[in-house]
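What follows is the content of protein37.txt, which has compact mmCIF, C-alpha atoms:
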```txt
# COMPACT_ATOMS: atom_id res chain seq x y z
CA MET A 37 55.29 -31.18 10.24
CA ASN A 38 54.41 -32.44 6.78
CA PRO A 39 52.61 -29.54 5.04
CA VAL A 40 50.55 -31.95 2.90
CA LEU A 41 49.27 -33.76 5.99
CA ASN A 42 48.62 -30.44 7.69
CA ARG A 43 46.49 -29.23 4.77
CA SER A 44 44.62 -32.54 4.75
CA LYS A 45 43.82 -32.19 8.43
CA ILE A 46 42.57 -28.65 7.95
CA LEU A 47 40.32 -29.75 5.08
CA ARG A 48 38.83 -32.54 7.22
CA ILE A 49 38.07 -30.07 9.99
CA LEU A 50 36.47 -27.66 7.54
CA ARG A 51 34.32 -30.41 6.03
CA ARG A 52 33.15 -31.52 9.46
CA SER A 53 32.39 -27.91 10.44
CA ALA A 54 30.41 -27.37 7.23
CA ALA A 55 28.49 -30.59 7.77
CA GLY A 56 27.74 -29.59 11.34
CA LEU A 57 26.56 -26.14 10.24
CA ILE A 58 24.28 -27.65 7.57
CA THR A 59 22.86 -30.07 10.12
CA LEU A 60 22.21 -27.18 12.52
CA LEU A 61 20.51 -25.13 9.81
CA LEU A 62 18.32 -28.06 8.77
CA ALA A 63 17.35 -28.65 12.40
CA ALA A 64 16.47 -24.97 12.80
CA LEU A 65 14.42 -25.09 9.60
CA ALA A 66 12.56 -28.20 10.78
CA LEU A 67 11.82 -26.54 14.11
CA ALA A 68 10.58 -23.40 12.35
CA CYS A 69 8.21 -25.53 10.27
CA VAL A 70 6.81 -27.03 13.47
CA VAL A 71 6.20 -23.61 15.00
CA TYR A 72 4.99 -21.88 11.80
CA PRO A 73 3.20 -22.99 8.62
CA PRO A 74 5.82 -24.38 6.20
CA THR A 75 4.50 -22.08 3.46
CA TYR A 76 5.19 -19.08 5.67
CA VAL A 77 8.71 -20.26 6.46
CA TRP A 78 9.44 -20.87 2.78
CA ARG A 79 8.13 -17.45 1.77
CA THR A 80 10.11 -15.57 4.39
CA LEU A 81 13.32 -17.37 3.45
CA THR A 82 12.97 -17.11 -0.32
CA LEU A 83 11.13 -13.81 -0.84
CA ARG A 84 12.71 -12.08 2.16
CA GLU A 85 11.61 -8.41 2.32
CA GLY A 86 9.32 -8.76 -0.68
CA GLY A 87 9.39 -6.80 -3.91
CA VAL A 88 7.33 -5.60 -6.83
CA ASP A 89 7.50 -8.98 -8.57
CA ASP A 90 5.52 -10.56 -5.72
CA GLN A 91 2.40 -9.85 -7.76
CA PHE A 92 3.48 -12.77 -9.96
CA TYR A 93 4.14 -15.08 -7.01
CA PHE A 94 0.89 -14.83 -5.06
CA PRO A 95 -2.44 -16.04 -6.44
CA LYS A 96 -4.82 -13.22 -7.30
CA ARG A 97 -8.46 -12.37 -7.95
CA LEU A 98 -9.42 -10.36 -11.03
CA VAL A 99 -10.99 -6.89 -10.84
CA ARG A 100 -12.72 -6.32 -14.17
CA ALA A 101 -13.20 -3.00 -15.92
CA THR A 102 -16.39 -2.43 -17.87
CA PRO A 103 -16.13 -3.38 -21.58
CA ASP A 104 -16.89 0.19 -22.67
CA ALA A 105 -14.48 1.88 -20.25
CA ARG A 106 -12.48 4.75 -21.75
CA GLU A 107 -9.04 6.14 -21.07
CA MET A 108 -8.73 9.52 -19.41
CA PRO A 109 -8.66 12.51 -21.76
CA GLN A 110 -5.21 13.71 -22.74
CA ALA A 111 -3.61 17.12 -23.06
CA LEU A 112 -0.02 15.92 -23.30
CA ASP A 113 2.58 18.61 -22.63
CA ALA A 114 5.79 16.83 -21.70
CA GLU A 115 7.89 19.97 -22.16
CA ARG A 116 5.91 21.86 -19.53
CA VAL A 117 6.36 18.97 -17.08
CA ARG A 118 10.08 18.89 -17.87
CA ARG A 119 10.34 22.63 -17.16
CA ALA A 120 8.55 22.20 -13.86
CA PHE A 121 10.81 19.30 -12.95
CA ALA A 122 13.95 21.27 -13.83
CA ALA A 123 12.80 24.08 -11.56
CA ALA A 124 12.05 21.65 -8.73
CA MET A 125 15.25 19.58 -9.21
CA PRO A 126 17.94 21.93 -10.56
CA GLY A 127 20.58 20.23 -12.66
CA GLN A 128 18.48 17.11 -13.31
CA GLU A 129 16.64 15.94 -16.42
CA LEU A 130 13.21 14.40 -15.92
CA GLU A 131 13.39 11.13 -17.86
CA ALA A 132 17.00 10.36 -16.97
CA TRP A 133 16.35 11.00 -13.28
CA LEU A 134 13.19 8.88 -13.20
CA ALA A 135 14.89 5.99 -14.97
CA ALA A 136 17.97 6.16 -12.76
CA ASN A 137 15.77 6.03 -9.66
CA THR A 138 14.13 2.72 -10.68
CA THR A 139 10.81 4.21 -11.77
CA GLN A 140 8.39 1.98 -13.69
CA GLY A 141 5.51 4.35 -14.44
CA PHE A 142 5.08 8.11 -13.93
CA VAL A 143 1.79 9.82 -14.78
CA VAL A 144 0.83 13.46 -14.20
CA LEU A 145 -2.74 14.74 -14.42
CA GLN A 146 -3.87 18.34 -14.33
CA ARG A 147 -7.52 19.38 -14.28
CA GLY A 148 -8.56 15.83 -15.12
CA ARG A 149 -6.34 15.42 -18.18
CA VAL A 150 -3.17 13.41 -18.70
CA ILE A 151 -0.36 15.89 -19.34
CA TYR A 152 2.52 13.42 -18.96
CA GLU A 153 3.06 9.65 -19.23
CA GLY A 154 6.43 7.99 -18.90
CA TYR A 155 7.43 4.32 -18.57
CA PHE A 156 10.92 3.13 -17.72
CA ASN A 157 13.15 0.16 -17.02
CA GLY A 158 11.23 -2.21 -19.29
CA HIS A 159 7.80 -1.30 -17.89
CA ARG A 160 5.05 -0.65 -20.45
CA ARG A 161 1.84 1.35 -20.36
CA ASP A 162 -0.48 -1.65 -19.98
CA ASP A 163 1.69 -3.51 -17.48
CA THR A 164 0.34 -3.70 -13.95
CA ALA A 165 2.37 -2.42 -11.03
CA THR A 166 1.76 -3.60 -7.51
CA SER A 167 0.54 -1.15 -4.93
CA PHE A 168 2.05 -2.22 -1.64
CA SER A 169 0.35 0.02 0.96
CA VAL A 170 -1.52 2.10 -1.61
CA ALA A 171 -3.92 -0.84 -1.22
CA LYS A 172 -4.76 0.46 2.25
CA SER A 173 -6.13 3.69 0.77
CA VAL A 174 -8.23 1.64 -1.66
CA LEU A 175 -9.55 -0.39 1.27
CA GLY A 176 -10.42 2.76 3.19
CA THR A 177 -12.45 3.91 0.19
CA LEU A 178 -14.34 0.61 0.15
CA LEU A 179 -15.20 0.92 3.83
CA ASP A 180 -16.55 4.44 3.26
CA LEU A 181 -18.69 3.05 0.43
CA ALA A 182 -20.07 0.34 2.72
CA VAL A 183 -21.00 3.00 5.29
CA ALA A 184 -22.70 5.08 2.57
CA GLU A 185 -24.75 2.05 1.53
CA GLY A 186 -25.87 1.44 5.11
CA ARG A 187 -24.08 -1.91 5.30
CA ILE A 188 -22.10 -0.50 8.22
CA ALA A 189 -23.83 1.92 10.58
CA SER A 190 -20.87 4.14 11.40
CA LEU A 191 -17.10 4.28 11.47
CA ASP A 192 -17.45 4.61 15.24
CA THR A 193 -18.94 1.11 15.41
CA PRO A 194 -16.80 -1.23 17.57
CA VAL A 195 -14.90 -3.78 15.53
CA THR A 196 -16.43 -6.48 17.75
CA THR A 197 -19.85 -5.77 16.22
CA TRP A 198 -18.59 -7.62 13.17
CA LEU A 199 -15.79 -9.66 14.70
CA PRO A 200 -17.13 -11.01 18.03
CA GLU A 201 -14.26 -13.52 18.15
CA LEU A 202 -12.00 -10.64 19.18
CA ARG A 203 -14.19 -9.85 22.20
CA GLU A 204 -14.13 -13.47 23.29
CA ARG A 205 -10.33 -13.36 23.28
CA ASP A 206 -9.95 -9.91 24.87
CA SER A 207 -12.80 -7.67 26.01
CA ARG A 208 -10.64 -4.59 25.37
CA PHE A 209 -11.37 -4.98 21.66
CA GLU A 210 -14.85 -3.57 22.43
CA GLN A 211 -13.21 -0.15 22.78
CA VAL A 212 -11.60 -0.37 19.32
CA SER A 213 -13.71 1.27 16.60
CA LEU A 214 -13.43 1.03 12.84
CA ARG A 215 -12.21 4.62 12.87
CA HIS A 216 -9.36 3.67 15.20
CA LEU A 217 -8.33 0.97 12.76
CA LEU A 218 -8.51 3.34 9.77
CA ASN A 219 -6.43 5.94 11.60
CA MET A 220 -3.78 3.44 12.80
CA ASN A 221 -4.28 4.38 16.44
CA ALA A 222 -6.17 1.31 17.68
CA GLY A 223 -3.52 0.48 20.28
CA LEU A 224 -2.59 -2.89 18.75
CA HIS A 225 0.79 -4.51 19.28
CA TYR A 226 3.09 -4.70 16.26
CA THR A 227 6.72 -5.58 15.62
CA GLU A 228 8.80 -5.36 12.46
CA TYR A 229 11.90 -7.35 13.50
CA PRO A 230 13.37 -9.98 13.88
CA PHE A 231 12.09 -11.09 10.52
CA LEU A 232 10.63 -14.61 10.90
CA THR A 233 8.99 -13.82 14.23
CA SER A 234 7.81 -10.32 13.32
CA ASP A 235 4.26 -9.15 12.76
CA GLY A 236 5.50 -7.41 9.62
CA ALA A 237 6.51 -10.72 8.05
CA LYS A 238 3.43 -12.55 9.29
CA THR A 239 0.94 -10.01 7.95
CA TYR A 240 2.64 -10.16 4.55
CA TYR A 241 3.47 -13.87 4.11
CA TRP A 242 1.03 -15.84 6.31
CA PRO A 243 -1.04 -18.24 4.14
CA ASP A 244 -4.28 -17.64 6.11
CA LEU A 245 -4.52 -13.95 6.94
CA ARG A 246 -8.08 -14.23 8.26
CA ALA A 247 -6.97 -16.64 10.97
CA LEU A 248 -3.84 -14.60 11.64
CA ALA A 249 -5.80 -11.39 12.24
CA LEU A 250 -8.40 -13.05 14.46
CA THR A 251 -5.90 -14.96 16.59
CA ARG A 252 -2.69 -12.89 16.59
CA ALA A 253 -3.85 -9.25 16.70
CA ARG A 254 -3.67 -8.13 20.33
CA VAL A 255 -4.40 -4.98 22.28
CA GLU A 256 -1.36 -3.30 23.82
CA ARG A 257 -2.75 0.06 24.96
CA PRO A 258 -6.10 1.93 24.97
CA PRO A 259 -7.17 3.10 21.51
CA GLY A 260 -6.69 6.70 20.44
CA GLN A 261 -3.51 7.27 22.45
CA ALA A 262 -0.75 6.63 19.94
CA TRP A 263 -0.29 6.21 16.17
CA LEU A 264 1.47 3.03 15.06
CA TYR A 265 1.66 1.91 11.44
CA ASN A 266 0.39 -1.64 11.68
CA ASN A 267 -0.77 -4.19 9.10
CA TYR A 268 -3.29 -5.82 11.43
CA HIS A 269 -5.47 -2.74 10.93
CA PRO A 270 -6.27 -3.37 7.23
CA LEU A 271 -6.67 -7.12 7.81
CA LEU A 272 -9.34 -6.50 10.43
CA ILE A 273 -11.03 -3.90 8.23
CA GLY A 274 -11.08 -6.41 5.37
CA LEU A 275 -12.74 -9.02 7.57
CA VAL A 276 -15.41 -6.49 8.58
CA LEU A 277 -15.98 -5.56 4.94
CA GLU A 278 -16.38 -9.22 3.94
CA ARG A 279 -18.96 -9.86 6.63
CA ALA A 280 -20.82 -6.58 6.10
CA THR A 281 -21.14 -6.97 2.33
CA GLY A 282 -21.38 -10.75 2.03
CA MET A 283 -18.84 -10.78 -0.79
CA THR A 284 -15.10 -10.81 -1.29
CA VAL A 285 -13.29 -7.52 -1.00
CA THR A 286 -12.29 -7.81 -4.67
CA THR A 287 -15.87 -8.31 -5.84
CA TYR A 288 -17.03 -5.35 -3.79
CA MET A 289 -14.20 -3.25 -5.20
CA GLU A 290 -15.14 -4.20 -8.75
CA GLN A 291 -18.83 -3.44 -8.30
CA ARG A 292 -18.68 -0.31 -6.17
CA LEU A 293 -15.38 1.36 -7.08
CA TRP A 294 -13.47 0.08 -10.12
CA GLN A 295 -16.35 -0.03 -12.61
CA PRO A 296 -18.32 3.01 -11.37
CA ALA A 297 -15.12 5.10 -11.38
CA GLY A 298 -14.58 4.11 -15.01
CA MET A 299 -11.16 2.52 -14.61
CA ALA A 300 -10.05 1.67 -18.15
CA ALA A 301 -8.25 -1.64 -17.56
CA ASP A 302 -8.59 -4.77 -15.48
CA ALA A 303 -6.72 -4.98 -12.19
CA SER A 304 -6.29 -7.69 -9.58
CA TRP A 305 -5.86 -8.17 -5.85
CA SER A 306 -3.24 -10.64 -4.62
CA LEU A 307 -4.41 -13.35 -2.22
CA ASP A 308 -2.76 -14.94 0.80
CA SER A 309 -3.15 -18.43 -0.76
CA GLU A 310 -5.44 -20.41 -3.03
CA ALA A 311 -6.86 -22.30 -0.03
CA SER A 312 -7.72 -19.22 2.04
CA GLY A 313 -8.51 -16.84 -0.81
CA PHE A 314 -8.31 -13.73 1.37
CA GLU A 315 -6.99 -10.53 -0.16
CA LYS A 316 -3.59 -9.23 0.90
CA LEU A 317 -5.27 -6.11 2.17
CA GLU A 318 -2.09 -4.50 3.36
CA SER A 319 -0.42 -4.49 -0.03
CA GLY A 320 -1.86 -6.40 -2.95
CA VAL A 321 -3.69 -4.24 -5.53
CA ASN A 322 -2.14 -4.66 -8.98
CA ALA A 323 -3.09 -2.08 -11.62
CA ARG A 324 -1.73 0.26 -14.30
CA THR A 325 -0.12 3.49 -13.20
CA LEU A 326 -2.80 5.29 -15.24
CA ASP A 327 -5.56 3.76 -13.13
CA PHE A 328 -3.80 4.50 -9.86
CA ALA A 329 -3.71 8.12 -11.09
CA ARG A 330 -7.43 7.89 -11.85
CA LEU A 331 -8.09 6.92 -8.23
CA GLY A 332 -6.36 10.13 -7.21
CA GLN A 333 -8.47 12.07 -9.72
CA LEU A 334 -11.64 10.59 -8.22
CA TYR A 335 -10.61 12.03 -4.87
CA LEU A 336 -9.54 15.34 -6.40
CA ASP A 337 -13.01 15.58 -7.97
CA ARG A 338 -14.58 14.90 -4.57
CA GLY A 339 -15.94 11.49 -5.46
CA VAL A 340 -17.27 12.21 -8.98
CA ALA A 341 -16.04 10.05 -11.87
CA LEU A 342 -15.03 11.59 -15.19
CA ASP A 343 -18.40 10.68 -16.75
CA GLY A 344 -20.19 12.65 -14.01
CA ARG A 345 -21.28 9.64 -11.97
CA ARG A 346 -21.01 10.14 -8.22
CA VAL A 347 -19.06 7.25 -6.71
CA LEU A 348 -18.27 8.63 -3.26
CA SER A 349 -19.80 11.56 -1.43
CA ALA A 350 -17.86 14.81 -1.18
CA GLU A 351 -18.30 14.59 2.59
CA ALA A 352 -16.67 11.14 2.66
CA VAL A 353 -13.72 12.39 0.60
CA ALA A 354 -13.18 15.34 2.94
CA ALA A 355 -13.59 13.13 6.00
CA ALA A 356 -10.92 10.77 4.67
CA THR A 357 -8.32 13.29 3.55
CA SER A 358 -8.65 16.67 5.30
CA PRO A 359 -6.65 17.58 8.43
CA ASP A 360 -9.84 17.87 10.50
CA GLY A 361 -9.82 15.11 13.10
CA ALA A 362 -6.67 13.54 11.66
CA VAL A 363 -3.88 11.97 13.69
CA PRO A 364 -0.80 14.27 13.72
CA ILE A 365 2.44 12.53 12.75
CA GLU A 366 4.79 15.46 13.18
CA ARG A 367 7.78 13.17 13.70
CA TYR A 368 7.74 12.57 9.95
CA ARG A 369 7.44 16.21 8.99
CA ALA A 370 5.91 19.40 10.37
CA GLY A 371 2.25 19.52 9.33
CA ALA A 372 2.03 15.80 8.47
CA TYR A 373 -1.04 13.79 9.47
CA TYR A 374 -2.69 10.39 8.89
CA LYS A 375 -6.35 9.58 8.34
CA HIS A 376 -8.46 6.79 6.82
CA PHE A 377 -5.33 5.05 5.45
CA TRP A 378 -4.31 8.29 3.65
CA TRP A 379 -1.27 10.46 4.36
CA GLY A 380 -1.79 14.22 4.54
CA GLN A 381 0.35 17.34 4.55
CA ARG A 382 -0.78 20.80 5.61
CA ARG A 383 0.34 23.58 3.27
CA ASN A 384 1.66 26.93 4.42
CA ASP A 385 -1.27 28.65 2.69
CA GLY A 386 -3.80 26.82 4.87
CA GLY A 387 -4.65 24.14 2.32
CA TYR A 388 -3.44 20.56 2.23
CA ASP A 389 -2.20 17.82 -0.06
CA PHE A 390 -2.76 14.12 0.51
CA SER A 391 -1.38 10.87 -0.82
CA ALA A 392 -1.54 7.09 -0.85
CA ARG A 393 1.89 5.56 -0.30
CA GLY A 394 3.38 2.09 -0.65
CA ASN A 395 6.71 0.41 -0.03
CA HIS A 396 9.43 0.61 -2.68
CA GLY A 397 8.07 3.94 -3.89
CA GLN A 398 4.44 3.55 -4.93
CA PHE A 399 2.65 6.93 -4.71
CA VAL A 400 -0.65 8.56 -5.60
CA PHE A 401 -0.24 12.26 -4.78
CA VAL A 402 -3.16 14.71 -4.88
CA SER A 403 -2.90 18.51 -4.68
CA PRO A 404 -6.41 20.00 -4.57
CA LYS A 405 -5.24 23.62 -4.76
CA ASN A 406 -3.17 22.96 -7.88
CA GLN A 407 -5.64 20.49 -9.45
CA VAL A 408 -2.74 18.06 -9.94
CA VAL A 409 -2.48 14.30 -9.45
CA ILE A 410 0.81 12.40 -9.74
CA ALA A 411 1.12 8.61 -9.72
CA ARG A 412 4.50 6.92 -9.51
CA ASN A 413 5.29 3.20 -9.44
CA GLY A 414 8.81 1.88 -9.03
CA ARG A 415 10.95 -1.16 -8.34
CA GLU A 416 12.55 0.69 -5.42
CA TYR A 417 12.35 4.14 -3.87
CA GLY A 418 15.58 5.20 -5.57
CA VAL A 419 15.64 8.28 -3.33
CA PRO A 420 14.14 8.68 0.16
CA PRO A 421 10.34 9.14 0.37
CA ARG A 422 10.75 12.72 1.56
CA VAL A 423 12.53 13.57 -1.72
CA TRP A 424 9.60 12.19 -3.72
CA MET A 425 7.10 14.17 -1.66
CA ARG A 426 9.04 17.41 -2.08
CA LEU A 427 9.26 16.71 -5.81
CA PHE A 428 5.53 16.11 -6.13
CA GLU A 429 4.73 19.28 -4.22
CA GLY A 430 7.21 21.29 -6.29
CA LEU A 431 5.88 19.93 -9.56
CA ALA A 432 2.29 20.67 -8.58
CA ASP A 433 3.08 24.25 -7.53
CA ARG A 434 5.09 24.98 -10.68
CA LEU A 435 2.57 23.40 -13.03
CA ALA A 436 -0.17 25.52 -11.55
CA ALA A 437 1.95 28.64 -11.81
CA ASP A 438 3.07 27.94 -15.38
CA GLN A 439 1.38 30.25 -17.88
CA GLY A 440 0.64 27.26 -20.09
CA SER A 441 -1.48 25.57 -17.43
```
Whole structure, structure tokens version:
Amino acid sequence: MNPVLNRSKILRILRRSAAGLITLLLAALALACVVYPPTYVWRTLTLREGGVDDQFYFPKRLVRATPDAREMPQALDAERVRRAFAAAMPGQELEAWLAANTTQGFVVLQRGRVIYEGYFNGHRRDDTATSFSVAKSVLGTLLDLAVAEGRIASLDTPVTTWLPELRERDSRFEQVSLRHLLNMNAGLHYTEYPFLTSDGAKTYYWPDLRALALTRARVERPPGQAWLYNNYHPLLIGLVLERATGMTVTTYMEQRLWQPAGMAADASWSLDSEASGFEKLESGVNARTLDFARLGQLYLDRGVALDGRRVLSAEAVAAATSPDGAVPIERYRAGAYYKHFWWGQRRNDGGYDFSARGNHGQFVFVSPKNQVVIARNGREYGVPPRVWMRLFEGLADRLAADQGS
């Protein structure tokens, strides 16, 4: 056989196979765009899992700080934080370790003062970082504020009081309360994979999240029976908040949380699309690491801002973060619990720490006993979440024990 002719034949076969594969892929893409909104298909294919730069892709709504807002007071003591870190992570150096593990911003507060600020990998102090699921904890705060104002009668109110469309689709929604949604035990169906068909992708990339939540959320089991992390929960809570307050979630956040708490810089909330204009309630708060830390300080101070203004009642803070009435999630760690879109951890001494957590390593950690708040934003986790939590706990304990504290 002539080797030149043989190679030519092989090349023709390969070209035909490639053309056939491209045709098949284009047909699959066309079919997907018939089944799903083309914007959704495009986002899932191009953005894939999603990352911290998504804050620059999605449209957003501004959250303004007051013109006279002030930064938190400082008592910088980087050496003390480095000592505490070295004790918690033997053989490691604080700044090198944070940078190597893709950290953007790292802020430590103790007794209401900034004792450490560090920015890495090209991130600067006034750059915004995106929250991912830390946004859920912000949303839970807003719902508590709406209850305090009397806009919502109780967290035990059925979701159908505000969203009757759900009852019309399935009467079992009448048994689902706002508290069930906040605690992630509403009994709603949720899948993460396969990607294009998953609820995880839909609740992140769908261009009309209002319609998605009202038409795609479905009851799978009676509420209160099982905990399942599920992004339909914050979408439904956001719809309730819109209808109860008569304003966008962002506007309500600006008026009742961001400005009263004295946040020192503007923030934003990413939207599903320009046409829909609904906040990405599962993930989309964009703010400085300093102001994420200040949210933790507000909770540490039981709802009182640094200027003495009460923003949230002490009872609401305890109800949102204490172990009392929380959903145990022992499969993550002994003593772990979940409540009001916050994660909690019982301490061996009978106390507890709590935190807001987001994908790719966004954390707001609060240790009431130690009077410490730690905020971390990053491009990726770098190390598993459990390593971060152990580090935060170790830092808080050692900072409190340090004679310089």
Can you list, as a compact mmCIF listing (two decimals) with C-alpha atoms, keeping the file's coordinate frame, every protein, DNA or RNA residue that comes within 7 Å of range 272-276 of chain A when you count all atoms listed in the file, leaving out same-chain residues fewer than 3 positions away?
```txt
# COMPACT_ATOMS: atom_id res chain seq x y z
CA TRP A 198 -18.59 -7.62 13.17
CA LEU A 199 -15.79 -9.66 14.70
CA ALA A 249 -5.80 -11.39 12.24
CA TYR A 268 -3.29 -5.82 11.43
CA HIS A 269 -5.47 -2.74 10.93
CA ARG A 279 -18.96 -9.86 6.63
CA ALA A 280 -20.82 -6.58 6.10
CA VAL A 285 -13.29 -7.52 -1.00
CA LEU A 317 -5.27 -6.11 2.17
```
Quick one, how far is CA of Leu435 in chain A from CA of Lys172 in chain A?
-> 28.5 Å
So what do you get for CA of Ala352 in chain A versus CA of Val183 in chain A, distance-wise?
->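 CA of Val183 in chain A lies at a distance of 9.6 Å from CA of Ala352 in chain A.
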If we count all atoms listed in the file, what is near Lys405 in chain A at a cut-off of 9 Å, once residues fewer than 3 positions away on the same chain are taken out, given as a short mmCIF file (atom, residue, chain, number, x, y, z; two decimals) with C-alpha atoms, in the frame of the given file?
```cif
data_model
loop_
_atom_site.label_atom_id
_atom_site.label_comp_id
_atom_site.auth_asym_id
_atom_site.auth_seq_id
_atom_site.Cartn_x
_atom_site.Cartn_y
_atom_site.Cartn_z
CA GLY A 387 -4.65 24.14 2.32
CA TYR A 388 -3.44 20.56 2.23
CA ASP A 389 -2.20 17.82 -0.06
CA VAL A 408 -2.74 18.06 -9.94
CA ALA A 432 2.29 20.67 -8.58
CA ASP A 433 3.08 24.25 -7.53
CA ALA A 436 -0.17 25.52 -11.55
#
```
Do you know which residues are at most 12 Å from Phe399 in chain A counting only C-alpha atoms, after dropping those on the same chain fewer than 4 positions away, and could you put them as an NGL selection string?
-> :A and (139-144 or 165-171 or 173 or 325-326 or 328-329 or 331-332 or 378-379 or 390-395 or 409-414 or 416-417 or 421-422 or 424-425 or 427-428)
Find, counting only C-alpha atoms, the residue in A:Leu248, A:Ala136, A:Leu218, A:Ala189 that gets nearest to Tyr76 in chain A.
->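 Checking each of A:Leu248, A:Ala136, A:Leu218, A:Ala189 against Tyr76 in chain A, counting only C-alpha atoms, the winner is A:Leu248.
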Pick from A:Leu431, A:Val195, A:Val321, A:Ala237 nearest to Met125 in chain A, counting only C-alpha atoms |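 Nearest to Met125 in chain A: A:Leu431.
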As lines of an AutoDock Vina configuration file: centre and edge lengths in Å, one decimal, of the axis-aligned box holding range 274-278 of chain A with 8 Å per side:
```
center_x = -13.7
center_y = -7.4
center_z = 6.3
size_x = 21.3
size_y = 19.7
size_z = 20.6
```
Test item: residues at most 7 Å from range 298-303 of chain A, only C-alpha atoms, excluding those fewer than 3 positions along its chain, as a ChimeraX atom specification | /A:98-101,105-107,294-295,322-323,327,341
Closest of A:Asp163, A:Glu429, A:Glu115, A:Asp235 to Arg252 in chain A, counting all atoms listed in the file, is A:Asp235
Have range 178-183 of chain A completed to all heavy atoms, please, and pass it along as an mmCIF file, keeping the file's coordinate frame.
```cif
data_model
loop_
_atom_site.group_PDB
_atom_site.id
_atom_site.type_symbol
_atom_site.label_atom_id
_atom_site.label_comp_id
_atom_site.auth_asym_id
_atom_site.auth_seq_id
_atom_site.Cartn_x
_atom_site.Cartn_y
_atom_site.Cartn_z
ATOM 1 N N LEU A 178 -13.295 1.633 0.156
ATOM 2 C CA LEU A 178 -14.340 0.610 0.150
ATOM 3 C C LEU A 178 -15.132 0.631 1.448
ATOM 4 O O LEU A 178 -16.358 0.441 1.436
ATOM 5 C CB LEU A 178 -13.718 -0.770 -0.074
ATOM 6 C CG LEU A 178 -12.977 -0.973 -1.392
ATOM 7 C CD1 LEU A 178 -12.405 -2.385 -1.482
ATOM 8 C CD2 LEU A 178 -13.888 -0.689 -2.585
ATOM 9 N N LEU A 179 -14.465 0.859 2.564
ATOM 10 C CA LEU A 179 -15.200 0.920 3.830
ATOM 11 C C LEU A 179 -16.127 2.128 3.852
ATOM 12 O O LEU A 179 -17.273 2.033 4.316
ATOM 13 C CB LEU A 179 -14.218 0.981 5.005
ATOM 14 C CG LEU A 179 -14.879 0.744 6.369
ATOM 15 C CD1 LEU A 179 -15.335 -0.701 6.511
ATOM 16 C CD2 LEU A 179 -13.930 1.103 7.509
ATOM 17 N N ASP A 180 -15.680 3.266 3.346
ATOM 18 C CA ASP A 180 -16.550 4.440 3.260
ATOM 19 C C ASP A 180 -17.766 4.161 2.379
ATOM 20 O O ASP A 180 -18.882 4.613 2.678
ATOM 21 C CB ASP A 180 -15.772 5.638 2.711
ATOM 22 C CG ASP A 180 -14.859 6.270 3.756
ATOM 23 O OD1 ASP A 180 -15.172 6.168 4.950
ATOM 24 O OD2 ASP A 180 -13.840 6.859 3.364
ATOM 25 N N LEU A 181 -17.572 3.411 1.302
ATOM 26 C CA LEU A 181 -18.690 3.050 0.430
ATOM 27 C C LEU A 181 -19.681 2.153 1.159
ATOM 28 O O LEU A 181 -20.906 2.305 1.000
ATOM 29 C CB LEU A 181 -18.169 2.364 -0.828
ATOM 30 C CG LEU A 181 -17.427 3.265 -1.820
ATOM 31 C CD1 LEU A 181 -16.707 2.426 -2.874
ATOM 32 C CD2 LEU A 181 -18.396 4.234 -2.494
ATOM 33 N N ALA A 182 -19.180 1.229 1.968
ATOM 34 C CA ALA A 182 -20.070 0.340 2.720
ATOM 35 C C ALA A 182 -20.878 1.109 3.751
ATOM 36 O O ALA A 182 -22.051 0.800 3.993
ATOM 37 C CB ALA A 182 -19.249 -0.766 3.396
ATOM 38 N N VAL A 183 -20.266 2.145 4.351
ATOM 39 C CA VAL A 183 -21.000 3.000 5.290
ATOM 40 C C VAL A 183 -22.079 3.779 4.538
ATOM 41 O O VAL A 183 -23.231 3.884 4.988
ATOM 42 C CB VAL A 183 -20.041 3.954 6.026
ATOM 43 C CG1 VAL A 183 -20.831 4.987 6.836
ATOM 44 C CG2 VAL A 183 -19.109 3.163 6.943
#
```
